[in-house]
Each structure stands twice: as structure tokens, then as C-alpha cells.
file my_file_38.pdb (PDB, C-alpha atoms and all ligand atoms)
MODEL        1
ATOM      1  CA  MET C 143      -3.102  15.857   4.306  1.00  0.00           C
ATOM      2  CA  SER C 144      -5.119  16.285   7.483  1.00  0.00           C
ATOM      3  CA  ASN C 145      -5.882  13.124   9.367  1.00  0.00           C
ATOM      4  CA  SER C 146      -6.978  12.944  12.959  1.00  0.00           C
ATOM      5  CA  ASN C 147      -5.788   9.357  13.299  1.00  0.00           C
ATOM      6  CA  THR C 148      -2.304   8.330  14.281  1.00  0.00           C
ATOM      7  CA  THR C 149      -2.150   6.297  11.054  1.00  0.00           C
ATOM      8  CA  ASP C 150      -0.360   8.147   8.275  1.00  0.00           C
ATOM      9  CA  SER C 151      -2.473   7.246   5.284  1.00  0.00           C
ATOM     10  CA  ALA C 152       0.354   8.218   2.896  1.00  0.00           C
ATOM     11  CA  ASN C 153       2.263   5.243   4.238  1.00  0.00           C
ATOM     12  CA  ILE C 154      -0.489   2.797   3.378  1.00  0.00           C
ATOM     13  CA  ASN C 155      -0.204   1.585  -0.177  1.00  0.00           C
ATOM     14  CA  PRO C 156      -3.014   3.169  -2.151  1.00  0.00           C
ATOM     15  CA  VAL C 157      -5.149   1.244  -4.615  1.00  0.00           C
ATOM     16  CA  LEU C 158      -5.892   2.568  -8.093  1.00  0.00           C
ATOM     17  CA  TYR C 159      -9.328   1.846  -9.547  1.00  0.00           C
ATOM     18  CA  TYR C 160      -9.173   2.063 -13.319  1.00  0.00           C
ATOM     19  CA  SER C 161     -10.698   1.038 -16.598  1.00  0.00           C
ATOM     20  CA  ALA C 162      -8.538  -0.277 -19.424  1.00  0.00           C
ATOM     21  CA  PHE C 163     -10.449   1.883 -21.915  1.00  0.00           C
ATOM     22  CA  CYS C 164     -10.058   5.157 -20.055  1.00  0.00           C
ATOM     23  CA  TYR C 165      -7.599   7.769 -21.362  1.00  0.00           C
ATOM     24  CA  PHE C 166      -7.359   9.453 -17.944  1.00  0.00           C
ATOM     25  CA  CYS C 167      -6.452   6.104 -16.355  1.00  0.00           C
ATOM     26  CA  GLN C 168      -3.791   5.551 -18.989  1.00  0.00           C
ATOM     27  CA  LYS C 169      -2.367   8.966 -18.154  1.00  0.00           C
ATOM     28  CA  VAL C 170      -2.059   8.054 -14.452  1.00  0.00           C
ATOM     29  CA  MET C 171      -0.642   4.612 -15.224  1.00  0.00           C
ATOM     30  CA  MET C 172       1.874   6.071 -17.658  1.00  0.00           C
ATOM     31  CA  PHE C 173       3.036   8.446 -14.939  1.00  0.00           C
ATOM     32  CA  MET C 174       3.369   5.510 -12.523  1.00  0.00           C
ATOM     33  CA  CYS C 175       5.334   3.551 -15.106  1.00  0.00           C
ATOM     34  CA  GLN C 176       7.698   6.453 -15.813  1.00  0.00           C
ATOM     35  CA  ARG C 177       8.363   6.953 -12.096  1.00  0.00           C
ATOM     36  CA  GLY C 178       8.563   3.257 -11.263  1.00  0.00           C
ATOM     37  CA  ILE C 179       5.596   3.507  -8.906  1.00  0.00           C
ATOM     38  CA  GLU C 180       4.000   0.138  -8.294  1.00  0.00           C
ATOM     39  CA  LEU C 181       0.555   0.118  -6.754  1.00  0.00           C
ATOM     40  CA  GLU C 182      -2.229  -2.382  -6.523  1.00  0.00           C
ATOM     41  CA  THR C 183      -4.681  -1.731  -9.353  1.00  0.00           C
ATOM     42  CA  ARG C 184      -8.293  -2.849  -9.630  1.00  0.00           C
ATOM     43  CA  SER C 185     -10.209  -2.863 -12.870  1.00  0.00           C
ATOM     44  CA  THR C 186     -13.802  -1.705 -12.662  1.00  0.00           C
ATOM     45  CA  SER C 187     -14.647  -4.149 -15.429  1.00  0.00           C
ATOM     46  CA  GLU C 188     -14.889  -6.514 -12.464  1.00  0.00           C
ATOM     47  CA  ARG C 189     -18.287  -5.892 -10.958  1.00  0.00           C
ATOM     48  CA  GLU C 190     -17.044  -6.333  -7.413  1.00  0.00           C
ATOM     49  CA  HIS C 191     -14.498  -3.540  -7.820  1.00  0.00           C
ATOM     50  CA  ALA C 192     -16.981  -1.242  -9.550  1.00  0.00           C
ATOM     51  CA  MET C 193     -19.401  -1.715  -6.649  1.00  0.00           C
ATOM     52  CA  THR C 194     -16.689  -1.137  -4.043  1.00  0.00           C
ATOM     53  CA  LEU C 195     -15.705   2.084  -5.817  1.00  0.00           C
ATOM     54  CA  ARG C 196     -19.279   3.350  -5.988  1.00  0.00           C
ATOM     55  CA  GLU C 197     -20.012   2.490  -2.383  1.00  0.00           C
ATOM     56  CA  GLY C 198     -16.740   3.882  -1.054  1.00  0.00           C
ATOM     57  CA  GLY C 199     -16.153   6.895  -3.271  1.00  0.00           C
ATOM     58  CA  GLY C 200     -19.723   7.717  -4.151  1.00  0.00           C
ATOM     59  CA  LYS C 201     -19.403   7.376  -7.926  1.00  0.00           C
ATOM     60  CA  THR C 202     -18.047   4.979 -10.516  1.00  0.00           C
ATOM     61  CA  GLN C 203     -15.766   7.505 -12.222  1.00  0.00           C
ATOM     62  CA  VAL C 204     -12.232   6.323 -12.931  1.00  0.00           C
ATOM     63  CA  PRO C 205      -9.422   6.790 -12.279  1.00  0.00           C
ATOM     64  CA  CYS C 206      -9.832   6.872  -8.528  1.00  0.00           C
ATOM     65  CA  LEU C 207      -7.136   6.352  -5.931  1.00  0.00           C
ATOM     66  CA  ARG C 208      -8.208   4.822  -2.642  1.00  0.00           C
ATOM     67  CA  ILE C 209      -5.896   6.126   0.058  1.00  0.00           C
ATOM     68  CA  GLY C 210      -6.042   4.367   3.391  1.00  0.00           C
ATOM     69  CA  GLU C 211      -8.412   1.659   4.413  1.00  0.00           C
ATOM     70  CA  GLY C 212     -11.790   1.045   5.974  1.00  0.00           C
ATOM     71  CA  SER C 213     -13.730   3.993   7.317  1.00  0.00           C
ATOM     72  CA  ASN C 214     -10.602   6.167   7.132  1.00  0.00           C
ATOM     73  CA  ALA C 215     -10.196   5.637   3.406  1.00  0.00           C
ATOM     74  CA  LYS C 216     -10.103   8.690   1.177  1.00  0.00           C
ATOM     75  CA  TRP C 217     -11.207   8.333  -2.429  1.00  0.00           C
ATOM     76  CA  LEU C 218      -9.278  10.661  -4.704  1.00  0.00           C
ATOM     77  CA  TYR C 219     -10.845  11.292  -8.105  1.00  0.00           C
ATOM     78  CA  GLU C 220      -9.406  13.352 -10.986  1.00  0.00           C
ATOM     79  CA  SER C 221      -6.311  12.137 -12.818  1.00  0.00           C
ATOM     80  CA  ASP C 222      -4.363  15.370 -12.276  1.00  0.00           C
ATOM     81  CA  ASP C 223      -5.026  15.281  -8.523  1.00  0.00           C
ATOM     82  CA  ILE C 224      -3.999  11.613  -8.395  1.00  0.00           C
ATOM     83  CA  ILE C 225      -0.752  12.367 -10.233  1.00  0.00           C
ATOM     84  CA  ARG C 226      -0.061  15.276  -7.892  1.00  0.00           C
ATOM     85  CA  TYR C 227      -0.665  13.009  -4.886  1.00  0.00           C
ATOM     86  CA  LEU C 228       1.644  10.289  -6.245  1.00  0.00           C
ATOM     87  CA  GLN C 229       4.286  12.850  -7.102  1.00  0.00           C
ATOM     88  CA  ALA C 230       4.245  14.173  -3.534  1.00  0.00           C
ATOM     89  CA  ASN C 231       3.998  10.831  -1.733  1.00  0.00           C
ATOM     90  CA  HIS C 232       5.363   8.053  -3.921  1.00  0.00           C
ATOM     91  CA  SER C 233       8.077   9.475  -6.181  1.00  0.00           C
TER
HETATM   92  N1  LIG A 301     -11.669  14.739 -15.244  1.00  0.00           N
HETATM   93  C1  LIG A 301     -11.588  13.338 -14.947  1.00  0.00           C
HETATM   94  C2  LIG A 301     -12.272  12.584 -16.078  1.00  0.00           C
HETATM   95  C3  LIG A 301     -12.465  11.106 -15.745  1.00  0.00           C
HETATM   96  C4  LIG A 301     -13.464  10.461 -16.685  1.00  0.00           C
HETATM   97  O1  LIG A 301     -14.114  11.118 -17.516  1.00  0.00           O
HETATM   98  N2  LIG A 301     -13.588   9.118 -16.548  1.00  0.00           N
HETATM   99  C5  LIG A 301     -14.539   8.386 -17.335  1.00  0.00           C
HETATM  100  C6  LIG A 301     -13.847   7.257 -18.103  1.00  0.00           C
HETATM  101  S1  LIG A 301     -12.661   7.888 -19.286  1.00  0.00           S
HETATM  102  C7  LIG A 301     -15.540   7.726 -16.428  1.00  0.00           C
HETATM  103  O2  LIG A 301     -15.192   7.178 -15.389  1.00  0.00           O
HETATM  104  N3  LIG A 301     -16.835   7.740 -16.807  1.00  0.00           N
HETATM  105  C8  LIG A 301     -17.845   6.967 -16.120  1.00  0.00           C
HETATM  106  C9  LIG A 301     -18.354   7.587 -14.870  1.00  0.00           C
HETATM  107  O3  LIG A 301     -18.121   8.781 -14.614  1.00  0.00           O
HETATM  108  O4  LIG A 301     -19.032   6.877 -14.109  1.00  0.00           O
HETATM  109  C10 LIG A 301     -10.140  12.916 -14.751  1.00  0.00           C
HETATM  110  O5  LIG A 301      -9.240  13.624 -15.227  1.00  0.00           O
HETATM  111  O6  LIG A 301      -9.888  11.897 -14.081  1.00  0.00           O
ENDMDL
END
call {"tool": "encode", "arguments": {"input": "my_file_38.pdb", "output": "C-alpha cells"}}
result
Amino acid sequence: MSNSNTTDSANINPVLYYSAFCYFCQKVMMFMCQRGIELETRSTSEREHAMTLREGGGKTQVPCLRIGEGSNAKWLYESDDIIRYLQANHS
């Protein structure tokens, strides 16, 4: 992953935005469970988290993995891409 900062964003615990009713979120969370990957998760049923996701990532689609923090944060959508990222960085 290219990053012009000295901070390695892969080392910062990502945050998973999800909805309990979303199949694609379940798929990501099942993968995490199988691999023993524990991340902070935020449900978009909480308005605050839904707004943060929309403002940061540009859309309310879930699942979305926030990688890094602040203005350096990357917002990774698409369950398959999230699983690939976790496989490479957190397995
Ligand atoms: N191709 C996406 C599909 C994700 C998707 O369709 N998410 C739905 C919930 S199951 C969603 O967030 N819909 C509301 C929205 O896009 O704002 C993936 O694999 O992650």
C-alpha cells in the first residue's frame, strides 16, 4: 500500500463499519472469526457511525474498513477487497 507518511497504516488497527442485516458484512465477520482477527466494529445503525462513514468514505455502503486515522484514513469498500486486505495484513 502506498503511503507517503512515515506511519504504516497497516499497523494501525482498522475499524470495520457494518450493518447487522448485511450479508456482505456477515461474510467479512465470519472470515475474521475463522482467522481469530479482532477489530473494532461500528454498527451503522448508530447514526453517528453512519454519518462518520458517509463523511469519511463518501457513501454509506457497508461493509467498509477504515484503515488509518484522521486525514490519512483510507476507506476500503467491497467485502472481497476487505477480506483480501485482512488476509494480507492481519492473518
Ligand atoms: N459489493 C459490495 C456490496 C455491499 C452492499 O450491497 N451493501 C449494502 C448492504 S447489504 C449496502 O450498504 N447498501 C446501502 C448503501 O449502499 O448505502 C460488497 O461486496 O461489499
call {"tool": "resolve_selection", "arguments": {"input": "my_file_38.pdb", "expression": "the PyMOL selection byres (((chain C and resi 180) around 12) and not hetatm)", "output": "ChimeraX atom specification"}}
result
/C:155-158,170-179,181-183,228,232-233
call {"tool": "atom_distance", "arguments": {"input": "my_file_38.pdb", "atom1": "CA of Ala215 in chain C", "atom2": "atom C6 of ligand LIG 301 (chain A)"}}
result
21.9 Å
call {"tool": "residues_around", "arguments": {"input": "my_file_38.pdb", "residues": "Tyr160 in chain C", "least_positions_apart": "3", "cutoff": "12 Å", "atoms": "only C-alpha atoms", "output": "PyMOL selection string"}}
result
chain C and resi 157+163-171+181-188+191-192+195+202-208+219-221+224
call {"tool": "axis_aligned_box", "arguments": {"input": "my_file_38.pdb", "around": "ligand LIG 301 (chain A)", "padding_each_side": "4 Å", "output": "AutoDock Vina command-line options"}}
result
--center_x -14.1 --center_y 10.8 --center_z -16.7 --size_x 17.8 --size_y 15.9 --size_z 13.2
call {"tool": "closest_residue", "arguments": {"input": "my_file_38.pdb", "among": "C:Gly199, C:Glu211, C:Asp222, C:Met193", "to": "ligand LIG 301 (chain A)", "atoms": "only C-alpha atoms and all ligand atoms"}}
result
C:Asp222
call {"tool": "atom_distance", "arguments": {"input": "my_file_38.pdb", "atom1": "CA of Ala162 in chain C", "atom2": "CA of Ser213 in chain C"}}
result
27.6 Å
call {"tool": "closest_residue", "arguments": {"input": "my_file_38.pdb", "among": "C:Thr194, C:Ile154, C:Lys216, C:Tyr159", "to": "ligand LIG 301 (chain A)", "atoms": "all atoms listed in the file"}}
result
C:Tyr159
call {"tool": "atom_distance", "arguments": {"input": "my_file_38.pdb", "atom1": "atom N1 of ligand LIG 301 (chain A)", "atom2": "CA of Asn214 in chain C"}}
result
24.0 Å
call {"tool": "closest_residue", "arguments": {"input": "my_file_38.pdb", "among": "C:Arg189, C:Arg196, C:Gly210, C:Tyr227", "to": "ligand LIG 301 (chain A)", "atoms": "only C-alpha atoms and all ligand atoms"}}
result
C:Arg196
call {"tool": "decode", "arguments": {"input": "my_file_38.pdb", "residues": "range 166-218 of chain C", "atoms": "C-alpha atoms", "output": "CSV table (one decimal), in the first residue's frame"}}
result
chain,number,residue,atom,x,y,z
C,166,PHE,CA,-21.6,-9.0,2.9
C,167,CYS,CA,-20.8,-7.8,6.4
C,168,GLN,CA,-21.5,-11.2,7.8
C,169,LYS,CA,-19.1,-12.7,5.2
C,170,VAL,CA,-16.3,-10.4,6.4
C,171,MET,CA,-17.1,-11.0,10.1
C,172,MET,CA,-17.2,-14.8,9.5
C,173,PHE,CA,-13.7,-14.5,7.9
C,174,MET,CA,-12.5,-12.5,10.9
C,175,CYS,CA,-14.0,-15.1,13.3
C,176,GLN,CA,-12.4,-18.0,11.5
C,177,ARG,CA,-9.0,-16.3,11.5
C,178,GLY,CA,-9.2,-15.0,15.0
C,179,ILE,CA,-9.0,-11.4,13.8
C,180,GLU,CA,-10.3,-9.0,16.4
C,181,LEU,CA,-11.0,-5.5,15.2
C,182,GLU,CA,-13.1,-2.6,16.5
C,183,THR,CA,-16.5,-2.7,14.8
C,184,ARG,CA,-19.0,0.1,14.4
C,185,SER,CA,-22.7,-0.5,13.5
C,186,THR,CA,-24.2,2.0,11.1
C,187,SER,CA,-27.5,1.5,12.9
C,188,GLU,CA,-26.0,4.1,15.1
C,189,ARG,CA,-26.5,7.4,13.4
C,190,GLU,CA,-23.2,8.8,14.5
C,191,HIS,CA,-21.3,6.0,12.8
C,192,ALA,CA,-23.4,6.1,9.7
C,193,MET,CA,-22.6,9.8,9.4
C,194,THR,CA,-18.9,9.3,10.0
C,195,LEU,CA,-18.8,6.6,7.3
C,196,ARG,CA,-20.6,8.9,4.8
C,197,GLU,CA,-18.4,11.9,5.5
C,198,GLY,CA,-15.1,9.9,5.6
C,199,GLY,CA,-15.7,7.3,2.9
C,200,GLY,CA,-18.1,9.2,0.7
C,201,LYS,CA,-21.0,6.7,0.9
C,202,THR,CA,-23.0,4.7,3.5
C,203,GLN,CA,-22.3,1.3,1.9
C,204,VAL,CA,-21.2,-1.4,4.3
C,205,PRO,CA,-19.0,-3.2,4.9
C,206,CYS,CA,-16.3,-0.6,4.9
C,207,LEU,CA,-12.9,-0.9,6.6
C,208,ARG,CA,-11.4,2.3,7.8
C,209,ILE,CA,-7.6,2.0,7.7
C,210,GLY,CA,-5.6,4.6,9.4
C,211,GLU,CA,-6.9,7.7,11.1
C,212,GLY,CA,-7.7,11.3,10.5
C,213,SER,CA,-6.9,12.8,7.1
C,214,ASN,CA,-4.7,9.8,6.3
C,215,ALA,CA,-7.5,7.3,6.7
C,216,LYS,CA,-8.4,5.1,3.8
C,217,TRP,CA,-11.9,3.8,3.5
C,218,LEU,CA,-11.9,0.3,1.9
